[in-house]
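Participant: my_file.pdb is reproduced in full below (PDB, C-alpha atoms, pLDDT in the B column).
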MODEL        1
ATOM      1  CA  MET A   1      42.151  69.000  50.476  1.00 47.00           C
ATOM      2  CA  SER A   2      38.806  67.310  50.416  1.00 50.00           C
ATOM      3  CA  PRO A   3      35.809  69.655  50.175  1.00 51.00           C
ATOM      4  CA  LEU A   4      34.484  68.034  53.333  1.00 53.00           C
ATOM      5  CA  PHE A   5      37.339  69.503  55.351  1.00 51.00           C
ATOM      6  CA  ARG A   6      37.448  72.961  53.807  1.00 49.00           C
ATOM      7  CA  ARG A   7      36.305  75.774  55.978  1.00 48.00           C
ATOM      8  CA  ARG A   8      33.351  77.694  54.743  1.00 43.00           C
ATOM      9  CA  ALA A   9      33.936  81.377  54.439  1.00 42.00           C
ATOM     10  CA  GLU A  10      32.122  83.437  57.027  1.00 44.00           C
ATOM     11  CA  PRO A  11      29.318  85.487  55.489  1.00 51.00           C
ATOM     12  CA  ARG A  12      30.385  89.060  55.019  1.00 66.00           C
ATOM     13  CA  ALA A  13      28.836  91.605  57.309  1.00 84.00           C
ATOM     14  CA  ARG A  14      27.142  94.134  55.046  1.00 94.00           C
ATOM     15  CA  LEU A  15      26.038  97.697  55.703  1.00 97.00           C
ATOM     16  CA  VAL A  16      24.060 100.066  53.502  1.00 98.00           C
ATOM     17  CA  THR A  17      24.320 103.786  54.202  1.00 98.00           C
ATOM     18  CA  LEU A  18      21.876 106.328  52.798  1.00 98.00           C
ATOM     19  CA  ILE A  19      23.265 109.853  52.672  1.00 98.00           C
ATOM     20  CA  ARG A  20      20.304 112.199  52.529  1.00 98.00           C
ATOM     21  CA  LYS A  21      18.875 115.538  53.586  1.00 96.00           C
ATOM     22  CA  PRO A  22      15.513 116.554  55.022  1.00 95.00           C
ATOM     23  CA  GLY A  23      12.766 117.433  52.552  1.00 96.00           C
ATOM     24  CA  CYS A  24      14.334 115.533  49.645  1.00 96.00           C
ATOM     25  CA  HIS A  25      11.746 113.484  47.735  1.00 97.00           C
ATOM     26  CA  LEU A  26      14.442 111.470  45.937  1.00 97.00           C
ATOM     27  CA  CYS A  27      15.882 110.629  49.364  1.00 98.00           C
ATOM     28  CA  ASP A  28      12.477 109.394  50.505  1.00 98.00           C
ATOM     29  CA  ASP A  29      12.205 107.236  47.361  1.00 98.00           C
ATOM     30  CA  ALA A  30      15.715 105.847  47.925  1.00 98.00           C
ATOM     31  CA  GLN A  31      14.915 105.051  51.542  1.00 98.00           C
ATOM     32  CA  ALA A  32      11.817 103.086  50.541  1.00 98.00           C
ATOM     33  CA  VAL A  33      13.885 100.898  48.190  1.00 98.00           C
ATOM     34  CA  ILE A  34      16.638 100.427  50.781  1.00 98.00           C
ATOM     35  CA  GLU A  35      14.150  99.500  53.502  1.00 98.00           C
ATOM     36  CA  LYS A  36      12.556  96.894  51.216  1.00 98.00           C
ATOM     37  CA  VAL A  37      15.788  95.303  49.962  1.00 98.00           C
ATOM     38  CA  CYS A  38      17.596  95.377  53.298  1.00 98.00           C
ATOM     39  CA  GLY A  39      14.498  94.083  55.064  1.00 97.00           C
ATOM     40  CA  ASP A  40      14.191  91.197  52.598  1.00 97.00           C
ATOM     41  CA  LEU A  41      17.873  90.290  52.940  1.00 97.00           C
ATOM     42  CA  GLY A  42      18.377  91.027  56.633  1.00 96.00           C
ATOM     43  CA  VAL A  43      21.056  93.615  55.885  1.00 97.00           C
ATOM     44  CA  PRO A  44      21.406  96.543  58.280  1.00 98.00           C
ATOM     45  CA  TRP A  45      21.221 100.077  56.941  1.00 98.00           C
ATOM     46  CA  GLU A  46      21.724 103.541  58.367  1.00 98.00           C
ATOM     47  CA  PRO A  47      20.701 107.044  57.298  1.00 98.00           C
ATOM     48  CA  LYS A  48      23.157 109.929  57.453  1.00 98.00           C
ATOM     49  CA  ASP A  49      22.034 113.549  57.157  1.00 97.00           C
ATOM     50  CA  ILE A  50      24.376 115.778  55.147  1.00 97.00           C
ATOM     51  CA  THR A  51      23.106 118.840  57.025  1.00 96.00           C
ATOM     52  CA  GLU A  52      24.655 117.401  60.191  1.00 96.00           C
ATOM     53  CA  ASP A  53      28.038 116.333  58.763  1.00 96.00           C
ATOM     54  CA  ARG A  54      30.227 118.898  56.997  1.00 96.00           C
ATOM     55  CA  GLU A  55      32.471 116.270  55.379  1.00 96.00           C
ATOM     56  CA  LEU A  56      29.526 114.394  53.869  1.00 95.00           C
ATOM     57  CA  HIS A  57      27.993 117.700  52.777  1.00 96.00           C
ATOM     58  CA  ASP A  58      31.148 118.798  50.974  1.00 96.00           C
ATOM     59  CA  ARG A  59      31.642 115.421  49.326  1.00 96.00           C
ATOM     60  CA  TYR A  60      28.097 114.515  48.266  1.00 95.00           C
ATOM     61  CA  TRP A  61      25.990 117.703  48.137  1.00 94.00           C
ATOM     62  CA  GLU A  62      25.386 117.569  44.389  1.00 94.00           C
ATOM     63  CA  GLN A  63      24.676 113.833  44.287  1.00 96.00           C
ATOM     64  CA  ILE A  64      22.179 113.165  47.077  1.00 96.00           C
ATOM     65  CA  PRO A  65      20.717 110.801  47.776  1.00 98.00           C
ATOM     66  CA  VAL A  66      23.876 108.701  47.772  1.00 98.00           C
ATOM     67  CA  VAL A  67      23.929 105.026  48.677  1.00 98.00           C
ATOM     68  CA  LEU A  68      27.045 103.381  50.058  1.00 98.00           C
ATOM     69  CA  VAL A  69      27.455  99.625  50.318  1.00 98.00           C
ATOM     70  CA  ASP A  70      30.102  98.668  52.834  1.00 97.00           C
ATOM     71  CA  GLY A  71      31.465 102.214  52.723  1.00 96.00           C
ATOM     72  CA  GLU A  72      31.845 102.337  48.933  1.00 96.00           C
ATOM     73  CA  GLN A  73      29.615 104.458  46.728  1.00 97.00           C
ATOM     74  CA  HIS A  74      27.031 102.247  45.045  1.00 97.00           C
ATOM     75  CA  THR A  75      24.779 104.821  43.380  1.00 97.00           C
ATOM     76  CA  PHE A  76      23.301 108.302  43.599  1.00 97.00           C
ATOM     77  CA  TRP A  77      20.041 110.086  42.745  1.00 97.00           C
ATOM     78  CA  ARG A  78      17.948 106.987  42.011  1.00 96.00           C
ATOM     79  CA  VAL A  79      18.242 103.531  43.568  1.00 97.00           C
ATOM     80  CA  ASN A  80      17.541 100.510  41.404  1.00 98.00           C
ATOM     81  CA  GLU A  81      16.088  97.731  43.559  1.00 98.00           C
ATOM     82  CA  GLU A  82      17.499  94.838  41.537  1.00 98.00           C
ATOM     83  CA  ARG A  83      20.971  96.384  41.274  1.00 98.00           C
ATOM     84  CA  LEU A  84      21.104  96.965  45.033  1.00 98.00           C
ATOM     85  CA  ARG A  85      19.882  93.431  45.694  1.00 97.00           C
ATOM     86  CA  ARG A  86      22.628  92.014  43.422  1.00 97.00           C
ATOM     87  CA  ALA A  87      25.287  94.130  45.140  1.00 97.00           C
ATOM     88  CA  LEU A  88      24.238  92.739  48.516  1.00 97.00           C
ATOM     89  CA  THR A  89      24.041  89.087  47.456  1.00 93.00           C
ATOM     90  CA  ASP A  90      27.173  88.767  45.287  1.00 85.00           C
TER      91      ASP A  90
ENDMDL
END
Since I need it in another form, could you write the structure as structure tokens?

Facilitator:
Amino acid sequence: MSPLFRRRAEPRARLVTLIRKPGCHLCDDAQAVIEKVCGDLGVPWEPKDITEDRELHDRYWEQIPVVLVDGEQHTFWRVNEERLRRALTD
């Protein structure tokens, strides 16, 4: 089929989730990176507090902050701006 008639794929809806806890300086650092990258790219993000969700607490307690991209674990402890940007644009 001619490229002129091919349908373009719809852009994927992306979501970044930051799993954090209050008083965590690494969480604050991660949030700053997420806010910058997601703001630049127009990608929504959401914070989740492990002190308010037992399942998240049990799963991620030793790794926070944890960053999920589209529900899959992307990283933990420290967020690399360029790596996150690549994950959201690939």

Participant: Please return, as an NGL selection string, all polymer residues that have at least one atom within 12 Å of the point (17.6, 100.1, 59.0); use all atoms listed in the file and the file's own coordinate frame.

Facilitator: :A and (14-18 or 31-48)

Participant: To test your reading of the syntax: which residues would the PyMOL selection byres ((chain A and resi 49-59) around 12) return for the file shown? Reply as a PyMOL selection string.

Facilitator: chain A and resi 17-24+27+46-48+60-66+68+73

Participant: Only C-alpha atoms, please: the residues just picked out, written as an mmCIF file, in the coordinates of the input.

Facilitator:
data_model
loop_
_atom_site.group_PDB
_atom_site.id
_atom_site.type_symbol
_atom_site.label_atom_id
_atom_site.label_comp_id
_atom_site.auth_asym_id
_atom_site.auth_seq_id
_atom_site.Cartn_x
_atom_site.Cartn_y
_atom_site.Cartn_z
ATOM 1 C CA THR A 17 24.320 103.786 54.202
ATOM 2 C CA LEU A 18 21.876 106.328 52.798
ATOM 3 C CA ILE A 19 23.265 109.853 52.672
ATOM 4 C CA ARG A 20 20.304 112.199 52.529
ATOM 5 C CA LYS A 21 18.875 115.538 53.586
ATOM 6 C CA PRO A 22 15.513 116.554 55.022
ATOM 7 C CA GLY A 23 12.766 117.433 52.552
ATOM 8 C CA CYS A 24 14.334 115.533 49.645
ATOM 9 C CA CYS A 27 15.882 110.629 49.364
ATOM 10 C CA GLU A 46 21.724 103.541 58.367
ATOM 11 C CA PRO A 47 20.701 107.044 57.298
ATOM 12 C CA LYS A 48 23.157 109.929 57.453
ATOM 13 C CA TYR A 60 28.097 114.515 48.266
ATOM 14 C CA TRP A 61 25.990 117.703 48.137
ATOM 15 C CA GLU A 62 25.386 117.569 44.389
ATOM 16 C CA GLN A 63 24.676 113.833 44.287
ATOM 17 C CA ILE A 64 22.179 113.165 47.077
ATOM 18 C CA PRO A 65 20.717 110.801 47.776
ATOM 19 C CA VAL A 66 23.876 108.701 47.772
ATOM 20 C CA LEU A 68 27.045 103.381 50.058
ATOM 21 C CA GLN A 73 29.615 104.458 46.728
#

Participant: Could you please determine the separation between atom CA of A:His25 and atom CA of A:Glu72 in Å, to one decimal place?

Facilitator: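 Spanning atom CA of A:His25 to atom CA of A:Glu72 is a straight-line distance of 23.0 Å.
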
Participant: With only C-alpha atoms as the basis for distance, which of A:Leu26, A:Val79, A:Asp70, A:Arg86 is at the shortest distance from A:Ala13?

Facilitator: A:Asp70

Participant: Hey, can you check how far atom CA of A:Asp29 sits from atom CA of A:Val69?

Facilitator: 17.3 Å

Participant: Return as AutoDock Vina command-line options the centre and edge lengths, in Å with one decimal, of the box along x, y and z that encloses every atom of stretch 36-46 of chain A in the file, padded by 6 Å per side.

Facilitator:
--center_x 17.1 --center_y 96.9 --center_z 54.2 --size_x 21.2 --size_y 25.3 --size_z 20.4

Participant: Can you write chain A from the block above with C-alpha atoms, as a compact mmCIF listing (two decimals), in the first residue's frame?

Facilitator:
# COMPACT_ATOMS: atom_id res chain seq x y z
CA MET A 1 0.00 0.00 0.00
CA SER A 2 1.20 3.46 -0.78
CA PRO A 3 2.56 5.42 2.20
CA LEU A 4 0.04 8.12 1.38
CA PHE A 5 -2.82 5.82 2.31
CA ARG A 6 -1.33 4.23 5.41
CA ARG A 7 -2.87 5.19 8.67
CA ARG A 8 -0.61 6.89 11.11
CA ALA A 9 -0.43 5.23 14.45
CA GLU A 10 -2.15 7.15 17.21
CA PRO A 11 0.35 8.57 19.70
CA ARG A 12 0.50 6.45 22.80
CA ALA A 13 -1.01 7.89 25.92
CA ARG A 14 1.77 7.95 28.49
CA LEU A 15 1.65 8.15 32.27
CA VAL A 16 4.47 8.53 34.77
CA THR A 17 3.83 7.48 38.36
CA LEU A 18 6.08 8.49 41.24
CA ILE A 19 5.80 6.21 44.25
CA ARG A 20 7.05 8.16 47.24
CA LYS A 21 6.67 8.86 50.93
CA PRO A 22 6.55 12.08 52.94
CA GLY A 23 9.86 13.47 54.17
CA CYS A 24 11.97 11.62 51.59
CA HIS A 25 14.62 13.89 50.04
CA LEU A 26 15.28 11.43 47.20
CA CYS A 27 11.54 11.52 46.46
CA ASP A 28 11.66 15.31 46.28
CA ASP A 29 14.63 15.11 43.89
CA ALA A 30 12.82 12.53 41.73
CA GLN A 31 9.70 14.69 41.63
CA ALA A 32 11.69 17.69 40.40
CA VAL A 33 13.09 15.66 37.48
CA ILE A 34 9.67 14.19 36.66
CA GLU A 35 7.99 17.60 36.74
CA LYS A 36 10.63 19.00 34.36
CA VAL A 37 10.60 16.12 31.86
CA CYS A 38 6.84 15.59 31.89
CA GLY A 39 6.26 19.33 31.65
CA ASP A 40 8.60 19.60 28.65
CA LEU A 41 6.94 16.66 26.89
CA GLY A 42 3.33 17.23 27.93
CA VAL A 43 3.14 13.84 29.64
CA PRO A 44 0.86 13.51 32.66
CA TRP A 45 2.28 12.23 35.93
CA GLU A 46 0.86 11.28 39.30
CA PRO A 47 2.32 10.85 42.79
CA LYS A 48 1.38 7.88 44.95
CA ASP A 49 2.15 7.78 48.67
CA ILE A 50 3.25 4.37 49.96
CA THR A 51 2.04 5.28 53.46
CA GLU A 52 -1.51 5.35 52.08
CA ASP A 53 -1.41 2.13 50.02
CA ARG A 54 -0.47 -1.15 51.70
CA GLU A 55 0.16 -2.97 48.41
CA LEU A 56 2.57 -0.30 47.17
CA HIS A 57 4.23 -0.22 50.59
CA ASP A 58 4.82 -3.97 50.62
CA ARG A 59 6.09 -4.01 47.05
CA TYR A 60 8.32 -0.93 46.95
CA TRP A 61 9.28 0.03 50.52
CA GLU A 62 12.99 -0.65 50.08
CA GLN A 63 13.24 1.01 46.66
CA ILE A 64 11.50 4.37 47.01
CA PRO A 65 11.31 6.59 45.20
CA VAL A 66 10.13 4.34 42.38
CA VAL A 67 9.16 5.63 38.95
CA LEU A 68 6.72 3.76 36.76
CA VAL A 69 6.22 4.53 33.08
CA ASP A 70 2.90 3.27 31.81
CA GLY A 71 2.62 1.00 34.85
CA GLU A 72 6.03 -0.64 34.40
CA GLN A 73 8.94 0.02 36.72
CA HIS A 74 11.37 2.41 35.05
CA THR A 75 13.80 3.15 37.88
CA PHE A 76 14.22 3.57 41.62
CA TRP A 77 16.23 5.71 44.05
CA ARG A 78 17.57 8.22 41.52
CA VAL A 79 15.92 9.45 38.33
CA ASN A 80 18.11 10.21 35.34
CA GLU A 81 16.54 13.02 33.31
CA GLU A 82 17.85 11.89 29.92
CA ARG A 83 16.90 8.24 30.49
CA LEU A 84 13.35 9.22 31.49
CA ARG A 85 13.08 11.54 28.49
CA ARG A 86 14.18 8.70 26.15
CA ALA A 87 11.68 6.29 27.72
CA LEU A 88 8.87 8.76 27.07
CA THR A 89 9.83 9.61 23.49
CA ASP A 90 10.73 6.16 22.11
